Amino acid sequence: MKRNEHITMLHGAGGIVMHDLVKNYILKYFGGVENADFEVPLEALDDAAVVSDIVLKSDSHAVKPIFFPGGDIGRLAISGTINDIAVLGAEPCALTCSFILEEGLAISNFERILASMKQTCLEANVSIVTGDTKVVEKGSLGGCVINVSGIGRRTEALEKNLSIVKHFRDNFNARWILDSNLKPGDKIILSGTIGDHGLAVLSAQEGLNFGSNIKSDVKPLNNLIQRLLGEVGGIVAMKDPTRGGLADALNEFSEKSKVGILIHEEKVPIKDNVRAACEMLGLDPFEVGNEGKIVMGVLKEKAEAVLQFLKNTKEGEEAEIIGEVTEAFNGVAMQTIIGGKRIISRPLGDPIPRIC
Ligand code: MG
């Protein structure tokens, strides 16, 4: 970015432009800290950090509008932070919550958000233990912005998962489920359909009616992930494909693990109404954000068992093995339905603004 440039909406959209801002500016000032306690440091740019065996995450939520089909900013804020802690293999144990409220927000709407946050905390079995409230003048917040931070702990389920991976893989010594753990041969599993959240928010932003109900998938996934680790195991890497969608998450895996990933288009679950809406609007569903899905790298020996486990859960009933890790090339490629191959590059940014 040159000196006369300014922040644009793309700087918050989870693709190349945001990654460049983080790498060239934020890491330049905050990175490079030498501290043996920082097991997963800032530079890893994983879903959360690990400090002294505690997983730590902070995430602000500025979705517009604050209520959308299938969810609201409160449910999103709780789920987003919980899921980022959970995908490292940790169990979230306490959250903080900071509100920035806009002058004019109806108290009844604030209360609706609080009730939704409480409900989401109950589903996830996690509590809010501290927080803060500020108010700003009427402007463009759209009602409120919420920051939720949290900590998570190691669990027996994580240890069991890691010991299963060690059994099948020589020289595996990772202590957490990290984007950098993939090896050729691993299978890529997606827990369900893509694009639902982004399109649900877009329909609320634009007052669009796609002819059928598209609802956000926003939900906390920590219970599902802990059961998956403890009852099946064999998971090496895991992400929630939020801003920038599946395309961005797979490119993160590929870049950090220094491997190629081949995806099979016909295996990627997309709801018919989401596919139709994407076609109508010229959007690529691979680049649209999700808030209730996980994409994971799994040992090939455990892939079928993981898939069957997921298919027997409500959150994962549409799961599929969508591809595999390869050393045949670098980056992410997709075998298309019509028989060709195309590169899935990292998007510039999520095509839909302010979805989280
Ligand atoms: Mg994440």
# chains A, B, ... in the order shown; residues from 1 in each chain; ligands from 1
$ residues_near_ligand --ligand "ligand 1" --cutoff "7 Å" --atoms "only C-alpha atoms and all ligand atoms" --output "list in words"
Asp47, Asn83, Asp84, Lys239, Asp240, Pro241 and Thr242 of chain A
$ residues_around --residues "Leu221 of chain A" --least-positions-apart "4" --cutoff "9 Å" --atoms "only C-alpha atoms" --output "list of chain:residue names"
A:Ser79, A:Ile82, A:Asn83, A:Ala86, A:Val87, A:Ala124, A:Ile225, A:Gln226, A:Gly292, A:Lys293, A:Ile294, A:Glu315
$ closest_atom_pairs --of "segment 59-163 of chain A" --to "segment 189-209 of chain A" --cutoff "9 Å" --atoms "only C-alpha atoms" --output "JSON lines"
{"residue": "A:Val63", "atom": "CA", "partner": "A:Val201", "partner_atom": "CA", "distance": 8.1}
{"residue": "A:Lys64", "atom": "CA", "partner": "A:Gln205", "partner_atom": "CA", "distance": 6.8}
{"residue": "A:Pro65", "atom": "CA", "partner": "A:Gln205", "partner_atom": "CA", "distance": 6.2}
{"residue": "A:Phe67", "atom": "CA", "partner": "A:Ala204", "partner_atom": "CA", "distance": 8.0}
{"residue": "A:Phe68", "atom": "CA", "partner": "A:Ala204", "partner_atom": "CA", "distance": 5.6}
{"residue": "A:Pro69", "atom": "CA", "partner": "A:Ala200", "partner_atom": "CA", "distance": 5.7}
{"residue": "A:Gly70", "atom": "CA", "partner": "A:Ala200", "partner_atom": "CA", "distance": 7.6}
$ atom_distance --atom1 "atom CA of Val236 of chain A" --atom2 "atom CA of Asp37 of chain A"
22.2 Å
$ residues_around --residues "Asn173 of chain A" --least-positions-apart "6" --cutoff "10 Å" --atoms "only C-alpha atoms" --output "tab-separated table (two decimals) with C-alpha atoms, in the first residue's frame"
chain	number	residue	atom	x	y	z
A	162	LEU	CA	-3.06	-36.36	18.53
A	163	SER	CA	-2.05	-39.83	19.70
A	165	VAL	CA	-2.30	-39.11	14.34
A	166	LYS	CA	1.10	-40.06	15.86
A	181	ASN	CA	0.06	-29.80	9.72
$ residues_around --residues "segment 334-351 of chain A" --least-positions-apart "5" --cutoff "8 Å" --atoms "only C-alpha atoms" --output "PDB file with N, CA and C atoms, in the first residue's frame"
ATOM      1  N   LEU A  10     -12.422  -3.620   1.194  1.00  0.00           N
ATOM      2  CA  LEU A  10     -11.710  -4.875   0.917  1.00  0.00           C
ATOM      3  C   LEU A  10     -10.667  -5.197   1.989  1.00  0.00           C
ATOM      4  N   HIS A  11     -10.168  -4.175   2.696  1.00  0.00           N
ATOM      5  CA  HIS A  11      -9.174  -4.433   3.753  1.00  0.00           C
ATOM      6  C   HIS A  11      -9.763  -5.229   4.920  1.00  0.00           C
ATOM      7  N   GLY A  12     -11.095  -5.355   4.952  1.00  0.00           N
ATOM      8  CA  GLY A  12     -11.714  -6.161   6.015  1.00  0.00           C
ATOM      9  C   GLY A  12     -12.419  -7.382   5.474  1.00  0.00           C
ATOM     10  N   ALA A  13     -12.113  -7.773   4.223  1.00  0.00           N
ATOM     11  CA  ALA A  13     -12.924  -8.790   3.556  1.00  0.00           C
ATOM     12  C   ALA A  13     -12.282 -10.171   3.481  1.00  0.00           C
ATOM     13  N   GLY A  14     -11.173 -10.363   4.199  1.00  0.00           N
ATOM     14  CA  GLY A  14     -10.675 -11.732   4.368  1.00  0.00           C
ATOM     15  C   GLY A  14      -9.960 -12.360   3.189  1.00  0.00           C
ATOM     16  N   GLY A  15      -9.527 -11.581   2.194  1.00  0.00           N
ATOM     17  CA  GLY A  15      -8.793 -12.166   1.068  1.00  0.00           C
ATOM     18  C   GLY A  15      -7.385 -11.598   0.959  1.00  0.00           C
ATOM     19  N   ILE A  16      -6.871 -11.524  -0.275  1.00  0.00           N
ATOM     20  CA  ILE A  16      -5.497 -11.062  -0.506  1.00  0.00           C
ATOM     21  C   ILE A  16      -5.274  -9.674   0.083  1.00  0.00           C
ATOM     22  N   VAL A  17      -6.234  -8.766  -0.121  1.00  0.00           N
ATOM     23  CA  VAL A  17      -6.047  -7.370   0.301  1.00  0.00           C
ATOM     24  C   VAL A  17      -5.934  -7.281   1.822  1.00  0.00           C
ATOM     25  N   MET A  18      -6.766  -8.042   2.542  1.00  0.00           N
ATOM     26  CA  MET A  18      -6.689  -8.027   4.008  1.00  0.00           C
ATOM     27  C   MET A  18      -5.401  -8.697   4.494  1.00  0.00           C
ATOM     28  N   ARG A 243     -14.894 -15.334   6.282  1.00  0.00           N
ATOM     29  CA  ARG A 243     -14.674 -14.385   5.173  1.00  0.00           C
ATOM     30  C   ARG A 243     -13.715 -14.933   4.126  1.00  0.00           C
ATOM     31  N   GLY A 244     -14.049 -14.783   2.857  1.00  0.00           N
ATOM     32  CA  GLY A 244     -13.214 -15.330   1.791  1.00  0.00           C
ATOM     33  C   GLY A 244     -13.562 -16.769   1.487  1.00  0.00           C
ATOM     34  N   GLY A 245     -14.416 -17.358   2.342  1.00  0.00           N
ATOM     35  CA  GLY A 245     -14.992 -18.665   2.070  1.00  0.00           C
ATOM     36  C   GLY A 245     -14.011 -19.824   2.007  1.00  0.00           C
ATOM     37  N   ALA A 247     -12.468 -20.969  -0.529  1.00  0.00           N
ATOM     38  CA  ALA A 247     -11.287 -20.674  -1.361  1.00  0.00           C
ATOM     39  C   ALA A 247     -10.161 -20.120  -0.494  1.00  0.00           C
ATOM     40  N   ASP A 248     -10.479 -19.196   0.396  1.00  0.00           N
ATOM     41  CA  ASP A 248      -9.445 -18.597   1.240  1.00  0.00           C
ATOM     42  C   ASP A 248      -8.907 -19.612   2.252  1.00  0.00           C
ATOM     43  N   ASN A 251      -6.554 -22.110   0.600  1.00  0.00           N
ATOM     44  CA  ASN A 251      -5.272 -21.484   0.272  1.00  0.00           C
ATOM     45  C   ASN A 251      -4.410 -21.264   1.511  1.00  0.00           C
ATOM     46  N   LEU A 262      -6.111 -30.781  -4.039  1.00  0.00           N
ATOM     47  CA  LEU A 262      -6.983 -31.015  -5.192  1.00  0.00           C
ATOM     48  C   LEU A 262      -8.409 -31.243  -4.687  1.00  0.00           C
ATOM     49  N   ILE A 263      -9.338 -30.420  -5.186  1.00  0.00           N
ATOM     50  CA  ILE A 263     -10.747 -30.497  -4.776  1.00  0.00           C
ATOM     51  C   ILE A 263     -11.566 -31.061  -5.941  1.00  0.00           C
ATOM     52  N   HIS A 264     -12.570 -31.864  -5.628  1.00  0.00           N
ATOM     53  CA  HIS A 264     -13.452 -32.405  -6.669  1.00  0.00           C
ATOM     54  C   HIS A 264     -14.774 -31.650  -6.620  1.00  0.00           C
ATOM     55  N   GLU A 265     -15.036 -30.894  -7.677  1.00  0.00           N
ATOM     56  CA  GLU A 265     -16.183 -29.974  -7.690  1.00  0.00           C
ATOM     57  C   GLU A 265     -17.508 -30.668  -7.342  1.00  0.00           C
ATOM     58  N   GLU A 266     -17.709 -31.872  -7.879  1.00  0.00           N
ATOM     59  CA  GLU A 266     -19.019 -32.511  -7.688  1.00  0.00           C
ATOM     60  C   GLU A 266     -19.231 -32.932  -6.234  1.00  0.00           C
ATOM     61  N   LEU A 283     -21.742 -14.414  -8.279  1.00  0.00           N
ATOM     62  CA  LEU A 283     -20.846 -14.655  -7.142  1.00  0.00           C
ATOM     63  C   LEU A 283     -20.313 -16.080  -7.202  1.00  0.00           C
ATOM     64  N   GLU A 287     -16.074 -18.371  -2.572  1.00  0.00           N
ATOM     65  CA  GLU A 287     -15.468 -17.183  -1.960  1.00  0.00           C
ATOM     66  C   GLU A 287     -16.397 -16.524  -0.940  1.00  0.00           C
ATOM     67  N   VAL A 288     -17.584 -17.110  -0.752  1.00  0.00           N
ATOM     68  CA  VAL A 288     -18.580 -16.519   0.149  1.00  0.00           C
ATOM     69  C   VAL A 288     -18.426 -17.121   1.558  1.00  0.00           C
ATOM     70  N   GLY A 289     -18.522 -16.279   2.583  1.00  0.00           N
ATOM     71  CA  GLY A 289     -18.256 -16.701   3.956  1.00  0.00           C
ATOM     72  C   GLY A 289     -19.328 -17.600   4.561  1.00  0.00           C
TER      73      GLY A 289
END
$ atom_distance --atom1 "atom CA of Asp53 of chain A" --atom2 "atom CA of Arg153 of chain A"
7.2 Å
$ select_by_dssp --residues "segment 171-319 of chain A" --states "alpha helix (DSSP H)" --output "NGL selection string"
:A and (196-206 or 222-231 or 245-257 or 272-281 or 303-311)
$ residues_around --residues "Val135 of chain A" --least-positions-apart "5" --cutoff "12 Å" --atoms "only C-alpha atoms" --output "PDB file with N, CA, C and O atoms, in the first residue's frame"
ATOM      1  N   SER A  98     -17.362  -7.038  24.603  1.00  0.00           N
ATOM      2  CA  SER A  98     -17.353  -5.576  24.604  1.00  0.00           C
ATOM      3  C   SER A  98     -18.300  -5.046  23.544  1.00  0.00           C
ATOM      4  O   SER A  98     -18.184  -5.406  22.375  1.00  0.00           O
ATOM      5  N   PHE A  99     -19.217  -4.200  23.988  1.00  0.00           N
ATOM      6  CA  PHE A  99     -20.191  -3.603  23.062  1.00  0.00           C
ATOM      7  C   PHE A  99     -19.775  -2.182  22.701  1.00  0.00           C
ATOM      8  O   PHE A  99     -19.386  -1.408  23.574  1.00  0.00           O
ATOM      9  N   ILE A 100     -19.867  -1.856  21.425  1.00  0.00           N
ATOM     10  CA  ILE A 100     -19.859  -0.453  21.008  1.00  0.00           C
ATOM     11  C   ILE A 100     -21.233  -0.200  20.415  1.00  0.00           C
ATOM     12  O   ILE A 100     -21.580  -0.746  19.359  1.00  0.00           O
ATOM     13  N   LEU A 101     -22.045   0.553  21.156  1.00  0.00           N
ATOM     14  CA  LEU A 101     -23.438   0.772  20.764  1.00  0.00           C
ATOM     15  C   LEU A 101     -23.558   2.130  20.090  1.00  0.00           C
ATOM     16  O   LEU A 101     -22.905   3.094  20.499  1.00  0.00           O
ATOM     17  N   GLU A 102     -24.420   2.175  19.093  1.00  0.00           N
ATOM     18  CA  GLU A 102     -24.635   3.430  18.383  1.00  0.00           C
ATOM     19  C   GLU A 102     -25.837   4.138  18.977  1.00  0.00           C
ATOM     20  O   GLU A 102     -26.879   3.511  19.211  1.00  0.00           O
ATOM     21  N   GLU A 103     -25.667   5.416  19.203  1.00  0.00           N
ATOM     22  CA  GLU A 103     -26.772   6.246  19.681  1.00  0.00           C
ATOM     23  C   GLU A 103     -28.002   5.987  18.801  1.00  0.00           C
ATOM     24  O   GLU A 103     -27.886   5.964  17.576  1.00  0.00           O
ATOM     25  N   GLY A 104     -29.142   5.737  19.423  1.00  0.00           N
ATOM     26  CA  GLY A 104     -30.365   5.498  18.642  1.00  0.00           C
ATOM     27  C   GLY A 104     -30.759   4.031  18.551  1.00  0.00           C
ATOM     28  O   GLY A 104     -31.875   3.721  18.144  1.00  0.00           O
ATOM     29  N   LEU A 105     -29.849   3.133  18.916  1.00  0.00           N
ATOM     30  CA  LEU A 105     -30.195   1.697  18.884  1.00  0.00           C
ATOM     31  C   LEU A 105     -31.357   1.456  19.857  1.00  0.00           C
ATOM     32  O   LEU A 105     -31.296   1.868  21.026  1.00  0.00           O
ATOM     33  N   LEU A 141     -22.387   2.686  12.090  1.00  0.00           N
ATOM     34  CA  LEU A 141     -22.200   1.369  12.726  1.00  0.00           C
ATOM     35  C   LEU A 141     -23.326   0.412  12.358  1.00  0.00           C
ATOM     36  O   LEU A 141     -23.129  -0.786  12.317  1.00  0.00           O
ATOM     37  N   GLY A 143     -26.037   0.160  14.237  1.00  0.00           N
ATOM     38  CA  GLY A 143     -26.652  -0.287  15.491  1.00  0.00           C
ATOM     39  C   GLY A 143     -25.636  -0.608  16.566  1.00  0.00           C
ATOM     40  O   GLY A 143     -25.651  -0.048  17.640  1.00  0.00           O
ATOM     41  N   CYS A 144     -24.738  -1.539  16.273  1.00  0.00           N
ATOM     42  CA  CYS A 144     -23.699  -1.863  17.258  1.00  0.00           C
ATOM     43  C   CYS A 144     -22.592  -2.698  16.635  1.00  0.00           C
ATOM     44  O   CYS A 144     -22.767  -3.289  15.565  1.00  0.00           O
ATOM     45  N   VAL A 145     -21.460  -2.708  17.320  1.00  0.00           N
ATOM     46  CA  VAL A 145     -20.332  -3.579  16.997  1.00  0.00           C
ATOM     47  C   VAL A 145     -20.022  -4.338  18.279  1.00  0.00           C
ATOM     48  O   VAL A 145     -20.118  -3.769  19.375  1.00  0.00           O
ATOM     49  N   ILE A 146     -19.712  -5.620  18.161  1.00  0.00           N
ATOM     50  CA  ILE A 146     -19.444  -6.428  19.362  1.00  0.00           C
ATOM     51  C   ILE A 146     -18.095  -7.116  19.227  1.00  0.00           C
ATOM     52  O   ILE A 146     -17.827  -7.767  18.215  1.00  0.00           O
TER      53      ILE A 146
END
$ atom_distance --atom1 "atom CA of Ser180 of chain A" --atom2 "atom CA of Leu88 of chain A"
11.4 Å
$ select_by_dssp --residues "segment 88-238 of chain A" --states "strand (DSSP E)" --output "ChimeraX atom specification"
/A:91-102,128-136,144-153,187-190,235-238
$ residues_around --residues "Glu159 of chain A" --least-positions-apart "4" --cutoff "12 Å" --atoms "only C-alpha atoms" --output "list in words"
Gly89, Ala90, Arg153, Arg154, Thr155, Ser163, Ile164, Val165, Lys166, Asn173, Ala174, Arg175, Trp176, Ile177, Gln226, Leu229, Gly230, Glu231, Gly233, Gly234 and Ile235 of chain A
$ write_last_selection --atoms "N, CA and C atoms" --output "mmCIF file, in the first residue's frame"
data_model
loop_
_atom_site.group_PDB
_atom_site.id
_atom_site.type_symbol
_atom_site.label_atom_id
_atom_site.label_comp_id
_atom_site.auth_asym_id
_atom_site.auth_seq_id
_atom_site.Cartn_x
_atom_site.Cartn_y
_atom_site.Cartn_z
ATOM 1 N N GLY A 89 -8.471 -27.279 18.402
ATOM 2 C CA GLY A 89 -8.625 -28.491 19.205
ATOM 3 C C GLY A 89 -8.913 -28.207 20.661
ATOM 4 N N ALA A 90 -9.063 -26.921 21.007
ATOM 5 C CA ALA A 90 -9.279 -26.549 22.410
ATOM 6 C C ALA A 90 -10.766 -26.456 22.732
ATOM 7 N N ARG A 153 -8.904 -24.324 26.591
ATOM 8 C CA ARG A 153 -7.936 -25.241 27.210
ATOM 9 C C ARG A 153 -7.770 -26.525 26.401
ATOM 10 N N ARG A 154 -6.636 -27.201 26.623
ATOM 11 C CA ARG A 154 -6.427 -28.542 26.072
ATOM 12 C C ARG A 154 -7.463 -29.483 26.692
ATOM 13 N N THR A 155 -7.782 -30.551 25.971
ATOM 14 C CA THR A 155 -8.746 -31.520 26.503
ATOM 15 C C THR A 155 -8.226 -32.933 26.257
ATOM 16 N N SER A 163 -2.728 -38.529 19.591
ATOM 17 C CA SER A 163 -2.052 -39.834 19.705
ATOM 18 C C SER A 163 -2.442 -40.746 18.534
ATOM 19 N N ILE A 164 -3.669 -40.599 18.045
ATOM 20 C CA ILE A 164 -4.069 -41.374 16.858
ATOM 21 C C ILE A 164 -3.258 -40.921 15.640
ATOM 22 N N VAL A 165 -3.091 -39.607 15.485
ATOM 23 C CA VAL A 165 -2.299 -39.108 14.345
ATOM 24 C C VAL A 165 -0.873 -39.635 14.450
ATOM 25 N N LYS A 166 -0.287 -39.594 15.664
ATOM 26 C CA LYS A 166 1.095 -40.064 15.855
ATOM 27 C C LYS A 166 1.227 -41.544 15.506
ATOM 28 N N ASN A 173 4.798 -34.200 15.597
ATOM 29 C CA ASN A 173 4.916 -33.755 16.982
ATOM 30 C C ASN A 173 4.151 -32.466 17.281
ATOM 31 N N ALA A 174 3.179 -32.126 16.408
ATOM 32 C CA ALA A 174 2.352 -30.937 16.678
ATOM 33 C C ALA A 174 1.530 -31.173 17.947
ATOM 34 N N ARG A 175 1.326 -30.140 18.753
ATOM 35 C CA ARG A 175 0.532 -30.253 19.982
ATOM 36 C C ARG A 175 -0.861 -29.677 19.819
ATOM 37 N N TRP A 176 -1.106 -29.083 18.644
ATOM 38 C CA TRP A 176 -2.417 -28.477 18.384
ATOM 39 C C TRP A 176 -2.802 -28.800 16.939
ATOM 40 N N ILE A 177 -4.048 -28.550 16.614
ATOM 41 C CA ILE A 177 -4.516 -28.771 15.246
ATOM 42 C C ILE A 177 -4.278 -27.468 14.477
ATOM 43 N N GLN A 226 -15.163 -31.340 19.666
ATOM 44 C CA GLN A 226 -14.618 -32.147 20.761
ATOM 45 C C GLN A 226 -15.043 -33.610 20.643
ATOM 46 N N LEU A 229 -12.997 -35.240 17.843
ATOM 47 C CA LEU A 229 -11.613 -35.519 18.249
ATOM 48 C C LEU A 229 -11.552 -36.719 19.193
ATOM 49 N N GLY A 230 -12.488 -36.771 20.127
ATOM 50 C CA GLY A 230 -12.438 -37.797 21.168
ATOM 51 C C GLY A 230 -12.992 -39.147 20.730
ATOM 52 N N GLU A 231 -14.017 -39.124 19.849
ATOM 53 C CA GLU A 231 -14.685 -40.373 19.492
ATOM 54 C C GLU A 231 -14.182 -40.972 18.182
ATOM 55 N N GLY A 233 -11.160 -39.098 15.847
ATOM 56 C CA GLY A 233 -9.752 -38.718 15.787
ATOM 57 C C GLY A 233 -9.165 -38.830 14.387
ATOM 58 N N GLY A 234 -7.876 -38.425 14.287
ATOM 59 C CA GLY A 234 -7.197 -38.444 12.995
ATOM 60 C C GLY A 234 -7.232 -37.111 12.273
ATOM 61 N N ILE A 235 -7.676 -36.058 12.985
ATOM 62 C CA ILE A 235 -7.747 -34.713 12.392
ATOM 63 C C ILE A 235 -6.390 -34.041 12.576
#
$ residues_around --residues "segment 325-327 of chain A" --least-positions-apart "2" --cutoff "9 Å" --atoms "only C-alpha atoms" --output "number ranges by chain"
A: 182-188, 254, 258-263, 297, 323, 329-330
$ closest_residue --among "A:Val22, A:Thr8, A:Ser149, A:Ile352" --to "Asp132 of chain A" --atoms "only C-alpha atoms"
A:Ser149
$ closest_residue --among "A:Leu246, A:Phe253, A:Glu5, A:Val55" --to "Ile322 of chain A" --atoms "only C-alpha atoms"
A:Leu246
